[in-house]
Amino acid sequence: MEPTFLYGHFIEINLAVALQVIALGFVGGILSGFIGSGGAFFMTPGMMNLGVSGVIAVGSNITHKFGKAMVGSRKHAELGNVDKRLGAFLIFTSFIGIRLAVGINSMLFEGGGDGHGTGGSAAADLYISMVFVCILSVVAISMLADALRTRGDGDSAGPSKGIADFLARHHLPPYIHFKIADVRVSLWILMLVGLATGYLAGTIGVGGFIGVPAMIYVFGVPTAVAAGTELYLAVYMGGFGALNYALQGYVDIRLTMLLYLGSLMGIYVGVYGTKVVKEIMIRVVTGVVILLCVVSRAVAVPAYLRQLGWIDMDPTWDAWFNGASKIMLFVAGFSGCALILYHVLRSYRERLRVEHRLTEARSTA
Amino acid sequence: MKGGTEAGAVAQLPAGESREAWGELPDPHQETAQIVCISRGSLSRGRELAEAFGRKLGYPILSREDLIEAATREGIQVGKLETSMMKPRAFTERLARERDHYLAFSTAFLCDRLLEGPLVYHGRTGHLLLGGVSHVLRVRVVADEEHRIRSAMQTLGLNRTQARRYLSEVEEDRRNWVKAMYGVSWEDVSQYDVIVNVERMNAGNAASALVAMSRLPDFQVTPASRRALDDLHLTARARLALARDPRTGGYGLSVTAHGGAVYVTYLPHDMEVAEDIVRVLEEVGGVRQVRATVAATSILWVQEVFDPASETFKEIVEIARKWSAAVDLVRYSPCEGDGVETRVEELTSPPRGRVESGIEEDQEEPADDGGLRSTVDALALEGRSGGGRSVHGERSGLVTSCCGSARRSLVVLGDLFLGKDPGAKQRMTRELRESIASRMRVPVVTADELRSHYLFGGADILRLVGYLALVVAMFAAVMMNQVTVLRFLSGELFGTGALRMYVAAVAVFLFVPIIAHSYGSVAKALMKLMKME
């Protein structure tokens, strides 16, 4: 089914679409709370499946991320988990990365495919989808490989330390010491990580997938400080990204608001899930869900290739590809969430049962 | 032993069983020997000093190498553990279990040897394994870098640059190891009683000085230090038994022991291990009681006088239930001034009169513990007890004693500094709060703030209604005027030129935090109401 456009490149949002966006936000929020980073890997392609142009989906999502990070980073800052100096060094190059990403997305959106008013540019959608598929394939496969290695091999101790060891062997001055994170990092590596984080946040809205692992494995920052600093960084990156996309007229505030309706509730459920689900299962569920999201996005690619005239295909098949992509995405997200919710509810029930037995024991004592 | 092994299970070993029947703990009246822990850097002549000291007093010497050999025989892959802990990487459950096993084994090994007689241990962190035991003389040996470089060149056949790099890398690895294993800095001078620079005196003279120091009353065995050692020993043996047993070895368990009672907390997703914990600990000598509590985390409650009937108790139990947390009590008796030493006393089981020839010995009147024991017992009944202890001394000592390795989510400061004026009391509580927050990096609240922060109350209802109305108004305004909003966002509602897009962008930039904060507050209040925040 082709989307209906209400004004310019903004789709019409009726009750059904609104409920789907809220559901996307809820699932994205649960996954975000569960994984501790992101959620955009589900929400961005989900909105694209609803007919939202890739650029608008990314613009609205990065705006959503801005507000969400503002709420969350305050808590981390109170706990002393934010290395503001490290964040400040990363912010500068991340802004360059975001500018680069917004520039490429806008250029492709305005220059390729069907253009304004017809559901967005196929060139931009294809570009966003390809970056999404490439980056998140690596993330998902690493997570799954790591989880399987941990389960199978007794001496495994987390993801590869190859990068950290490689960098430690090379002297790359100047080095900067960060007191809260208690690490010493080469300025060049900092700039590179900031650039990559900003570029990915601006292109697909998932900078955290690069920023957090980079801080932990490349810089050697403690996990809690990496998560807190990334959230602090996300406030600025999200704000800068939101400003840039809004300047181009690519932020749909309605989508952002609807995403909040689901995501801010979902986060609590996801975080609760981490208490009652084993670490190995958290990694497996996350890896599988991300991998299915990647496959789902890949399924949508032939339609964009057809729209660009790069392959010869019956235009009616576009709807089938898009439909299959949408179903796969929703199945991935909802089954992941169902698993989390199952554990949350089981634990909740168990808690009540234990309390009941303790009350009984007290009354008989 | 009772079979109740649900969350909060309390298992009491048979009352008729004698202490000896359950374990290898020696007679409590037996004199415990002194231990000297020498922490040495690479090629810093620590071994030489340890041997000189041992010769002077006739104490046997135990080295880190002996400990590692025993740990390897135990089946712990110490080399692999060291490599994993020294590098920046994710701290996996598997690695955490290996670390727990190693720490339990090392502590039990040292305590076992110490119970056989006095001892000189030289290695890296023996003093950290025996934390809380006051009759440990903690010595750090340092040597001039130039001397160490020359030693490395001679012993390892390296050139000057290689020797310097070798020493720097070894030191870095050791720093990382200590940080990862114990969460403290190896070079922090406050960890040691004395630092000896062997460049300035020979090993024999340094040993003589240490012999004199070891004879000071501060480093002699006292009933309190003996109890602390017994508790540490029992904790280590209980932990080791749990780590060795295949039924419990793979679980993340937190273990502490006080006066024969062993408190074990396990995570909510490990409910199935509860019964096995009790079965495994039945076999450990010296265990009189096992208290297994389901807890994802713990809450630390610091107060001068506890009362299980108080409102604060009810509120903390409510929060602990909601979070699946154990509650750890610290009774603080402030005592400020120069030369005041901080004294930490773990809560022990009630003293039992020994039955001899049918006549029960007179029992001493139990000391006033400020309601600590009754509150711990009340918490145990709720399945939320994480143990208790008393801290007497300066605030800095309290802060240090609070910063253990337990996972904590909250620190609650109850009524403190009771003897002070209200103004001073408020200021001192605020200062204590800041110190604890900066050291532990967890939220620290006063008892008065518990309800407003973590429990649903009247203020939350007002907040929920107010923010909900605001959110509804904002959604209505946007959704009922979609075309106008979209025209504004596209810069086509008014004016011409670049300025109109800037206005739209700034409006988005300002509006988004407002909606996020407003709806975030609604979501938080709702989750609080459902006890899921």
# chains A, B, ... in the order shown; residues from 1 in each chain; ligands from 1
call {"tool": "select_by_dssp", "arguments": {"residues": "stretch 180-317 of chain A", "states": "strand (DSSP E or B)", "output": "PyMOL selection string"}}
result
chain A and resi 183-186
call {"tool": "write_last_selection", "arguments": {"atoms": "C-alpha atoms", "output": "PDB file, in the first residue's frame"}}
result
ATOM      1  CA  VAL A 183      42.231   6.722  30.433  1.00  0.00           C
ATOM      2  CA  ARG A 184      44.865   8.243  28.178  1.00  0.00           C
ATOM      3  CA  VAL A 185      43.864   8.434  24.530  1.00  0.00           C
ATOM      4  CA  SER A 186      45.529   9.673  21.359  1.00  0.00           C
TER       5      SER A 186
END
call {"tool": "residues_around", "arguments": {"residues": "stretch 129-139 of chain B", "least_positions_apart": "4", "cutoff": "9 Å", "atoms": "only C-alpha atoms", "output": "number ranges by chain"}}
result
B: 33-40, 103-104, 106-107, 110-111, 125, 182, 191-196, 210, 213-214, 218-222, 224-229, 232, 344, 401
call {"tool": "closest_residue", "arguments": {"among": "B:Gly41, B:Pro308, B:Gly491, B:Gly157", "to": "chain A", "atoms": "only C-alpha atoms"}}
result
B:Gly491
call {"tool": "residues_around", "arguments": {"residues": "stretch 512-519 of chain B", "least_positions_apart": "3", "cutoff": "6 Å", "atoms": "only C-alpha atoms", "output": "PyMOL selection string"}}
result
(chain A and resi 67) or (chain B and resi 467+508-509+522)
call {"tool": "write_last_selection", "arguments": {"atoms": "N, CA and C atoms", "output": "compact mmCIF listing (two decimals), in the first residue's frame"}}
result
# COMPACT_ATOMS: atom_id res chain seq x y z
N GLY A 67 15.80 14.55 22.75
CA GLY A 67 15.00 14.72 23.97
C GLY A 67 15.20 13.58 24.95
N TYR B 467 1.41 17.03 34.41
CA TYR B 467 2.15 16.75 33.18
C TYR B 467 1.29 16.08 32.12
N VAL B 508 11.75 23.64 16.82
CA VAL B 508 11.87 22.19 17.05
C VAL B 508 12.84 21.95 18.21
N PHE B 509 13.96 22.65 18.16
CA PHE B 509 15.02 22.50 19.17
C PHE B 509 14.51 22.81 20.58
N VAL B 522 5.48 11.82 33.08
CA VAL B 522 4.25 11.02 33.15
C VAL B 522 4.62 9.53 33.19
call {"tool": "residues_around", "arguments": {"residues": "B:Ile299", "least_positions_apart": "5", "cutoff": "6 Å", "atoms": "only C-alpha atoms", "output": "ChimeraX atom specification"}}
result
/B:327,408-411
call {"tool": "write_last_selection", "arguments": {"atoms": "N, CA and C atoms", "output": "PDB file, in the first residue's frame"}}
result
ATOM      1  N   VAL B 327      19.046  -5.294  51.996  1.00  0.00           N
ATOM      2  CA  VAL B 327      19.335  -4.064  52.741  1.00  0.00           C
ATOM      3  C   VAL B 327      20.489  -4.319  53.706  1.00  0.00           C
ATOM      4  N   ARG B 408      25.590  -1.744  44.727  1.00  0.00           N
ATOM      5  CA  ARG B 408      24.634  -0.934  45.475  1.00  0.00           C
ATOM      6  C   ARG B 408      23.862  -0.037  44.520  1.00  0.00           C
ATOM      7  N   SER B 409      22.585   0.140  44.835  1.00  0.00           N
ATOM      8  CA  SER B 409      21.774   1.027  44.009  1.00  0.00           C
ATOM      9  C   SER B 409      21.397   2.292  44.737  1.00  0.00           C
ATOM     10  N   LEU B 410      21.503   2.277  46.044  1.00  0.00           N
ATOM     11  CA  LEU B 410      21.037   3.422  46.809  1.00  0.00           C
ATOM     12  C   LEU B 410      21.697   3.428  48.191  1.00  0.00           C
ATOM     13  N   VAL B 411      21.973   4.636  48.670  1.00  0.00           N
ATOM     14  CA  VAL B 411      22.418   4.781  50.059  1.00  0.00           C
ATOM     15  C   VAL B 411      21.400   5.688  50.755  1.00  0.00           C
TER      16      VAL B 411
END
call {"tool": "closest_residue", "arguments": {"among": "A:Gly39, A:Gly202, A:Gly241, A:Pro173", "to": "chain B", "atoms": "only C-alpha atoms"}}
result
A:Gly241
call {"tool": "closest_residue", "arguments": {"among": "B:Tyr263, B:Phe475, B:Gln303, B:Leu468", "to": "B:Lys524", "atoms": "only C-alpha atoms"}}
result
B:Leu468
call {"tool": "closest_residue", "arguments": {"among": "A:Arg306, A:Arg85, A:Lys278, A:Arg346", "to": "chain B", "atoms": "only C-alpha atoms"}}
result
A:Lys278
call {"tool": "closest_residue", "arguments": {"among": "A:Pro45, A:Gly194, A:Gly266, A:Gly29", "to": "A:Val58", "atoms": "only C-alpha atoms"}}
result
A:Pro45
call {"tool": "closest_residue", "arguments": {"among": "B:Ala180, B:Val376, B:Leu450, B:Ile149", "to": "chain A", "atoms": "only C-alpha atoms"}}
result
B:Ala180
